[in-house]
file input_22.cif (mmCIF, C-alpha atoms)
data_upload
#
loop_
_atom_site.label_atom_id
_atom_site.label_comp_id
_atom_site.auth_asym_id
_atom_site.auth_seq_id
_atom_site.Cartn_x
_atom_site.Cartn_y
_atom_site.Cartn_z
CA MET A 23 -10.15 16.27 -81.53
CA LEU A 24 -6.82 14.44 -81.53
CA LEU A 25 -5.05 14.04 -84.87
CA ILE A 26 -5.31 10.23 -84.92
CA ASP A 27 -9.03 10.47 -84.16
CA LYS A 28 -9.51 12.84 -87.10
CA LEU A 29 -7.74 10.41 -89.42
CA LYS A 30 -9.88 7.52 -88.17
CA ARG A 31 -13.25 9.32 -88.22
CA GLN A 32 -12.64 10.78 -91.71
CA GLU A 33 -15.54 13.19 -91.33
CA GLY A 34 -16.01 15.40 -94.39
CA LEU A 35 -13.25 13.68 -96.38
CA THR A 36 -13.42 12.81 -100.07
CA PRO A 37 -12.63 9.28 -101.33
CA THR A 38 -9.12 10.46 -102.24
CA ASP A 39 -8.68 12.00 -98.78
CA LYS A 40 -9.78 8.73 -97.16
CA GLN A 41 -7.37 6.76 -99.34
CA ILE A 42 -4.47 8.93 -98.15
CA ALA A 43 -5.69 8.88 -94.52
CA ASN A 44 -5.96 5.09 -94.49
CA TYR A 45 -2.43 4.75 -95.88
CA ILE A 46 -1.12 7.13 -93.19
CA LEU A 47 -2.82 5.10 -90.45
CA GLU A 48 -1.42 1.83 -91.81
CA HIS A 49 2.13 3.25 -92.01
CA ILE A 50 1.93 5.75 -89.19
CA THR A 51 5.41 5.16 -87.76
CA SER A 52 7.12 5.79 -91.10
CA ILE A 53 5.09 8.81 -92.25
CA PRO A 54 7.07 11.35 -90.14
CA SER A 55 10.10 10.56 -92.32
CA THR A 56 8.16 10.28 -95.59
CA GLY A 57 8.32 13.20 -98.01
CA ILE A 58 5.28 14.47 -99.87
CA GLU A 59 6.51 13.12 -103.21
CA VAL A 60 6.90 9.58 -101.85
CA LEU A 61 3.51 9.73 -100.07
CA ALA A 62 1.80 10.91 -103.25
CA LYS A 63 3.32 8.02 -105.19
CA GLN A 64 2.41 5.41 -102.55
CA THR A 65 -1.20 6.63 -102.32
CA TYR A 66 -1.65 7.15 -106.10
CA SER A 67 -2.54 10.77 -105.39
CA SER A 68 -0.87 14.16 -105.89
CA HIS A 69 1.00 16.83 -103.94
CA SER A 70 -2.05 19.09 -104.00
CA ALA A 71 -4.32 16.30 -102.68
CA ILE A 72 -2.01 15.73 -99.71
CA VAL A 73 -1.81 19.47 -98.98
CA ARG A 74 -5.63 19.73 -99.16
CA LEU A 75 -5.99 16.85 -96.69
CA SER A 76 -3.45 18.47 -94.36
CA LYS A 77 -5.46 21.70 -94.40
CA LYS A 78 -8.72 19.84 -93.75
CA LEU A 79 -7.04 18.35 -90.68
CA GLY A 80 -6.22 21.85 -89.43
CA PHE A 81 -2.67 22.43 -90.69
CA ASP A 82 -1.09 24.95 -93.06
CA GLY A 83 0.41 22.19 -95.16
CA TYR A 84 1.96 18.74 -95.22
CA LYS A 85 5.14 19.84 -93.43
CA GLN A 86 3.19 21.07 -90.40
CA PHE A 87 0.96 17.97 -90.49
CA ARG A 88 4.00 15.65 -90.60
CA LEU A 89 5.56 17.44 -87.62
CA ALA A 90 2.36 17.07 -85.57
CA LEU A 91 2.09 13.40 -86.54
CA SER A 92 5.73 12.89 -85.54
CA GLU A 93 4.97 14.24 -82.05
CA THR A 94 1.93 11.96 -81.78
CA VAL A 95 3.91 8.87 -82.83
CA TYR A 96 6.68 9.73 -80.37
CA LYS A 97 4.20 9.97 -77.49
CA ASP A 98 2.55 6.69 -78.46
CA LEU A 99 5.91 4.89 -78.62
CA HIS A 100 6.93 6.18 -75.19
CA GLN A 101 3.62 5.96 -73.37
CA LEU A 102 2.72 3.35 -70.77
CA GLY A 103 1.47 -0.06 -71.87
CA LYS A 104 -1.53 0.41 -74.16
CA VAL A 105 -4.72 -0.72 -72.45
CA ASP A 106 -8.07 -1.35 -74.16
CA ALA A 107 -10.43 1.30 -72.78
CA ASN A 108 -13.45 -0.99 -73.23
CA PHE A 109 -11.96 -4.24 -71.87
CA PRO A 110 -8.90 -3.17 -69.85
CA PHE A 111 -8.47 -6.56 -68.18
CA ASP A 112 -9.46 -10.19 -68.72
CA SER A 113 -10.00 -13.38 -66.73
CA THR A 114 -6.35 -14.42 -66.91
CA ASP A 115 -4.96 -11.23 -65.34
CA THR A 116 -3.67 -11.30 -61.79
CA THR A 117 -4.78 -8.73 -59.24
CA SER A 118 -1.44 -6.97 -59.68
CA GLN A 119 -1.86 -6.85 -63.45
CA ILE A 120 -5.39 -5.49 -63.16
CA SER A 121 -4.19 -2.82 -60.76
CA GLN A 122 -1.44 -1.71 -63.14
CA LYS A 123 -3.71 -1.74 -66.19
CA MET A 124 -6.31 0.43 -64.44
CA ALA A 125 -3.57 2.88 -63.43
CA ASP A 126 -2.25 3.01 -67.00
CA LEU A 127 -5.77 3.46 -68.38
CA SER A 128 -6.48 6.39 -66.03
CA ILE A 129 -3.20 8.10 -66.86
CA GLU A 130 -3.79 7.69 -70.59
CA ALA A 131 -7.36 9.04 -70.30
CA ILE A 132 -6.10 12.17 -68.56
CA ARG A 133 -3.27 12.58 -71.10
CA ARG A 134 -5.72 12.41 -74.00
CA ALA A 135 -8.10 14.85 -72.32
CA SER A 136 -5.27 17.26 -71.52
CA GLU A 137 -4.11 17.32 -75.14
CA GLN A 138 -7.61 18.28 -76.27
CA LEU A 139 -8.10 21.09 -73.74
CA THR A 140 -7.13 24.65 -74.59
CA PRO A 141 -6.55 27.53 -72.14
CA SER A 142 -9.03 29.68 -74.05
CA LYS A 143 -11.86 27.17 -73.58
CA LEU A 144 -11.07 26.76 -69.89
CA ASP A 145 -11.03 30.53 -69.42
CA THR A 146 -14.31 30.89 -71.32
CA ALA A 147 -15.94 28.17 -69.21
CA ALA A 148 -14.73 29.87 -66.03
CA GLU A 149 -16.01 33.24 -67.23
CA ILE A 150 -19.48 31.86 -68.04
CA LEU A 151 -19.72 30.12 -64.67
CA MET A 152 -18.50 33.16 -62.74
CA LYS A 153 -21.12 35.42 -64.32
CA ALA A 154 -24.02 33.02 -63.72
CA ASP A 155 -26.38 33.67 -60.81
CA ARG A 156 -27.30 29.98 -60.79
CA ILE A 157 -25.67 26.95 -62.42
CA PHE A 158 -27.78 23.95 -63.45
CA LEU A 159 -26.09 20.63 -64.25
CA PHE A 160 -27.78 18.30 -66.75
CA ALA A 161 -26.27 14.81 -66.53
CA GLN A 162 -27.44 11.21 -66.32
CA GLY A 163 -25.98 7.90 -65.14
CA ASP A 164 -22.23 7.88 -64.53
CA SER A 165 -21.92 11.44 -65.81
CA GLN A 166 -24.24 12.59 -63.04
CA ILE A 167 -21.76 11.21 -60.50
CA ARG A 168 -19.13 13.52 -62.03
CA ALA A 169 -21.65 16.36 -61.89
CA ARG A 170 -22.25 15.74 -58.17
CA SER A 171 -18.50 15.74 -57.54
CA PHE A 172 -18.25 19.13 -59.29
CA GLN A 173 -21.26 20.37 -57.30
CA ASN A 174 -19.51 19.34 -54.07
CA LYS A 175 -16.30 21.20 -54.95
CA MET A 176 -18.09 24.37 -56.01
CA VAL A 177 -19.54 24.71 -52.49
CA LYS A 178 -15.99 25.72 -51.47
CA LEU A 179 -16.48 28.79 -53.66
CA ASN A 180 -19.89 29.56 -52.14
CA ARG A 181 -21.56 28.44 -55.36
CA PHE A 182 -24.45 26.03 -54.88
CA LEU A 183 -25.15 24.17 -58.09
CA VAL A 184 -28.40 22.41 -58.98
CA ILE A 185 -28.56 18.89 -60.42
CA ALA A 186 -31.34 19.64 -62.89
CA GLU A 187 -32.47 16.04 -63.34
CA ASP A 188 -32.98 15.22 -59.67
CA TYR A 189 -36.47 13.87 -58.97
CA ALA A 190 -37.26 14.00 -62.74
CA ASP A 191 -37.68 17.78 -62.46
CA GLN A 192 -35.51 18.65 -65.44
CA ALA A 193 -38.35 20.20 -67.46
CA TRP A 194 -39.40 22.43 -64.54
CA ASN A 195 -35.81 23.42 -63.89
CA ALA A 196 -35.27 24.18 -67.58
CA ALA A 197 -38.36 26.36 -67.66
CA ASN A 198 -37.10 28.38 -64.69
CA LEU A 199 -33.66 29.23 -66.08
CA SER A 200 -33.05 32.82 -67.16
CA LYS A 201 -30.35 34.59 -69.15
CA ASN A 202 -28.59 35.31 -65.84
CA ASP A 203 -28.14 31.58 -65.20
CA CYS A 204 -26.09 28.88 -66.91
CA ALA A 205 -26.81 25.31 -68.02
CA VAL A 206 -24.00 22.73 -68.15
CA PHE A 207 -24.59 19.48 -70.06
CA ILE A 208 -22.31 16.52 -69.26
CA THR A 209 -22.78 13.60 -71.65
CA TYR A 210 -20.15 11.41 -73.31
CA SER A 211 -22.31 10.29 -76.24
CA ALA A 212 -24.32 13.53 -76.55
CA LYS A 213 -27.21 11.47 -77.92
CA ILE A 214 -29.92 12.34 -75.37
CA PRO A 215 -32.87 13.68 -77.44
CA GLN A 216 -34.27 16.03 -74.79
CA TYR A 217 -30.91 17.81 -74.47
CA ASP A 218 -31.31 19.05 -78.03
CA GLN A 219 -34.73 20.42 -77.08
CA TYR A 220 -33.47 22.06 -73.88
CA ILE A 221 -30.46 23.69 -75.54
CA LYS A 222 -32.56 25.10 -78.39
CA TYR A 223 -34.96 26.54 -75.80
CA PHE A 224 -32.06 28.05 -73.84
CA ALA A 225 -30.63 29.59 -77.02
CA LYS A 226 -34.00 31.20 -77.68
CA GLU A 227 -34.16 32.56 -74.11
CA GLY A 228 -30.53 33.70 -74.08
CA VAL A 229 -29.43 31.22 -71.39
CA PRO A 230 -25.65 30.49 -71.63
CA THR A 231 -24.88 26.80 -72.23
CA ILE A 232 -21.77 24.63 -71.88
CA LEU A 233 -21.40 21.10 -73.27
CA LEU A 234 -18.85 18.58 -71.99
CA THR A 235 -18.80 15.51 -74.23
CA GLY A 236 -16.71 12.84 -75.93
CA ASN A 237 -18.63 13.01 -79.21
CA PRO A 238 -17.00 15.46 -81.64
CA THR A 239 -19.72 14.98 -84.27
CA SER A 240 -22.74 15.75 -82.09
CA SER A 241 -25.25 18.24 -83.48
CA LEU A 242 -25.28 19.90 -80.05
CA HIS A 243 -21.93 21.59 -80.79
CA LYS A 244 -23.65 23.96 -83.19
CA ILE A 245 -26.20 25.25 -80.68
CA VAL A 246 -24.30 25.54 -77.38
CA ASP A 247 -22.27 28.61 -76.41
CA LEU A 248 -19.21 26.57 -75.43
CA SER A 249 -18.30 23.00 -76.32
CA ILE A 250 -15.51 21.05 -74.61
CA VAL A 251 -14.68 17.74 -76.31
CA ALA A 252 -12.61 14.95 -74.78
CA THR A 253 -12.64 11.90 -77.06
CA GLN A 254 -11.54 8.54 -75.68
CA ASP A 255 -11.13 5.09 -77.26
CA GLU A 256 -14.41 4.04 -75.68
CA TYR A 257 -17.49 2.47 -77.27
CA ASP A 258 -21.01 3.63 -76.46
CA PHE A 259 -22.23 0.29 -75.11
CA LEU A 260 -19.86 -2.67 -75.57
CA LYS A 261 -17.52 -2.20 -72.60
CA VAL A 262 -16.87 -3.33 -69.04
CA GLY A 263 -17.42 0.15 -67.66
CA THR A 264 -17.16 3.86 -68.42
CA PHE A 265 -13.61 4.13 -67.11
CA SER A 266 -11.79 6.44 -69.55
CA SER A 267 -14.64 8.86 -70.22
CA GLN A 268 -15.42 9.41 -66.56
CA VAL A 269 -11.76 9.81 -65.56
CA ALA A 270 -11.48 12.42 -68.33
CA PHE A 271 -14.65 14.24 -67.24
CA GLU A 272 -13.50 14.31 -63.61
CA TYR A 273 -10.14 15.73 -64.69
CA ILE A 274 -11.73 18.46 -66.84
CA LEU A 275 -14.25 19.50 -64.17
CA ASP A 276 -11.50 19.53 -61.55
CA THR A 277 -9.46 21.76 -63.85
CA VAL A 278 -12.36 24.16 -64.41
CA PHE A 279 -12.89 24.33 -60.64
CA SER A 280 -9.18 25.03 -60.13
CA VAL A 281 -9.21 27.83 -62.72
CA LEU A 282 -12.19 29.39 -60.93
CA TYR A 283 -10.48 29.03 -57.55
CA ALA A 284 -7.23 30.56 -58.81
CA LYS A 285 -8.97 33.66 -60.21
CA ASP A 286 -9.57 34.86 -56.62
CA TYR A 287 -7.12 32.64 -54.80
CA GLN A 288 -6.47 34.70 -51.67
CA LYS A 289 -10.17 35.40 -51.06
CA ASN A 290 -11.04 31.73 -51.52
CA LEU A 291 -8.18 30.65 -49.27
CA MET A 292 -9.31 33.03 -46.51
CA ASN A 293 -12.87 31.75 -46.86
CA LEU A 294 -11.61 28.17 -46.58
CA LYS A 295 -9.68 28.93 -43.38
CA GLN A 296 -12.63 30.80 -41.87
CA LYS A 297 -15.10 27.98 -42.57
CA GLN A 298 -12.60 25.39 -41.33
CA ARG A 299 -12.29 27.23 -37.99
CA ILE A 300 -16.07 27.35 -37.62
CA ILE A 301 -16.41 23.64 -38.37
CA GLU A 302 -13.45 22.40 -36.33
CA LYS A 303 -13.36 24.81 -33.37
CA GLY A 304 -16.39 27.08 -33.61
CA GLU A 305 -20.13 26.70 -33.11
CA LEU A 306 -20.35 23.80 -35.55
CA ALA A 307 -17.49 21.78 -34.03
CA ASP A 308 -19.74 19.35 -32.17
CA LEU A 309 -21.54 18.53 -35.42
CA LEU A 310 -18.36 17.27 -37.07
CA HIS A 311 -17.93 14.37 -34.65
CA PRO A 312 -21.29 13.91 -32.86
CA ASP A 313 -21.41 11.63 -29.84
CA VAL A 314 -22.78 8.18 -30.52
CA GLU A 315 -25.34 7.05 -27.96
#
call {"tool": "encode", "arguments": {"input": "input_22.cif", "output": "structure tokens"}}
result
Amino acid sequence: MLLIDKLKRQEGLTPTDKQIANYILEHITSIPSTGIEVLAKQTYSSHSAIVRLSKKLGFDGYKQFRLALSETVYKDLHQLGKVDANFPFDSTDTTSQISQKMADLSIEAIRRASEQLTPSKLDTAAEILMKADRIFLFAQGDSQIRARSFQNKMVKLNRFLVIAEDYADQAWNAANLSKNDCAVFITYSAKIPQYDQYIKYFAKEGVPTILLTGNPTSSLHKIVDLSIVATQDEYDFLKVGTFSSQVAFEYILDTVFSVLYAKDYQKNLMNLKQKQRIIEKGELADLLHPDVE
């Protein structure tokens, strides 16, 4: 989770922690130059309380926290025009303004997602997917569109993924998974009740599971084998569309595919060229551009 998100969510913080966190959020541009003694005085707290909060946020101490916050503030000050992820445009915007705002929103969504990804998680995801005999994708609504895009790309690696919830067959598909397979759950809110049931069943049967979500507080994190979180400034319901979350998901899935591709790059490149020859000049050439009668 991004540092600002941690300060806003305040999960697991004491009243004193929240008091300090709220002050930091209200004076975020000045905190990078504020010493611990001054911050303690302004928040009616103590040096030890500030150090404890810094450690809860994942840092060794206030100095490291202040440095990380300084980098965050710098990026925010130099980023493109801030766009509301839920209502990125309004009725008074021109077509040109809407176009620019949507571009800025997409770039910001990818930037946020990139900052939350780690090489170790990407490598672990690739390793789980490579070992799996079959890969089942559990996703609904807009997230299923991202799942289908990932399914389409994986064909290039001779991996044929199954959309588990096609034709309402998710329960049958879940029952047929084995420890040699893999289940990937793509859900921004991670609040789909049956997913909890499926993942617990998979854990019992030894089926590897991966969760891609935007909800860092979901209970599903504790029961999946690998959790990839990409938080966005997006509400669950009150919004024009699922722009940021889906741009982020597409970026992450594209990155996972690219990591998989790169692990055997020459073999995959040769396979691509071979299949392209068959489709464009070989026995399947006529099927690419069939005659219209």
call {"tool": "closest_residue", "arguments": {"input": "input_22.cif", "among": "A:Phe182, A:Leu61, A:Ser67, A:Thr209", "to": "His49 (chain A)", "atoms": "only C-alpha atoms"}}
result
A:Leu61
call {"tool": "resolve_selection", "arguments": {"input": "input_22.cif", "expression": "the PyMOL selection byres ((chain A and resi 196) around 9)", "output": "list of chain:residue names"}}
result
A:Phe158, A:Ala186, A:Asp191, A:Gln192, A:Ala193, A:Trp194, A:Asn195, A:Ala197, A:Asn198, A:Leu199, A:Ser200, A:Ala205, A:Tyr220, A:Tyr223, A:Phe224
call {"tool": "atom_distance", "arguments": {"input": "input_22.cif", "atom1": "CA of Gln219 (chain A)", "atom2": "CA of Gln138 (chain A)"}}
result
27.2 Å
call {"tool": "resolve_selection", "arguments": {"input": "input_22.cif", "expression": "the PyMOL selection byres ((chain A and resi 276) around 12)", "output": "list of chain:residue names"}}
result
A:Ile132, A:Ser136, A:Leu144, A:Ala148, A:Arg168, A:Ala169, A:Arg170, A:Ser171, A:Phe172, A:Gln173, A:Asn174, A:Lys175, A:Met176, A:Gln268, A:Val269, A:Ala270, A:Phe271, A:Glu272, A:Tyr273, A:Ile274, A:Leu275, A:Thr277, A:Val278, A:Phe279, A:Ser280, A:Val281, A:Leu282, A:Tyr283
call {"tool": "atom_distance", "arguments": {"input": "input_22.cif", "atom1": "CA of Val206 (chain A)", "atom2": "CA of Lys295 (chain A)"}}
result
29.3 Å
call {"tool": "closest_residue", "arguments": {"input": "input_22.cif", "among": "A:Asp286, A:Asp82, A:Glu305, A:Asp258", "to": "Ala212 (chain A)", "atoms": "only C-alpha atoms"}}
result
A:Asp258
call {"tool": "atom_distance", "arguments": {"input": "input_22.cif", "atom1": "CA of Arg31 (chain A)", "atom2": "CA of Leu91 (chain A)"}}
result
16.0 Å
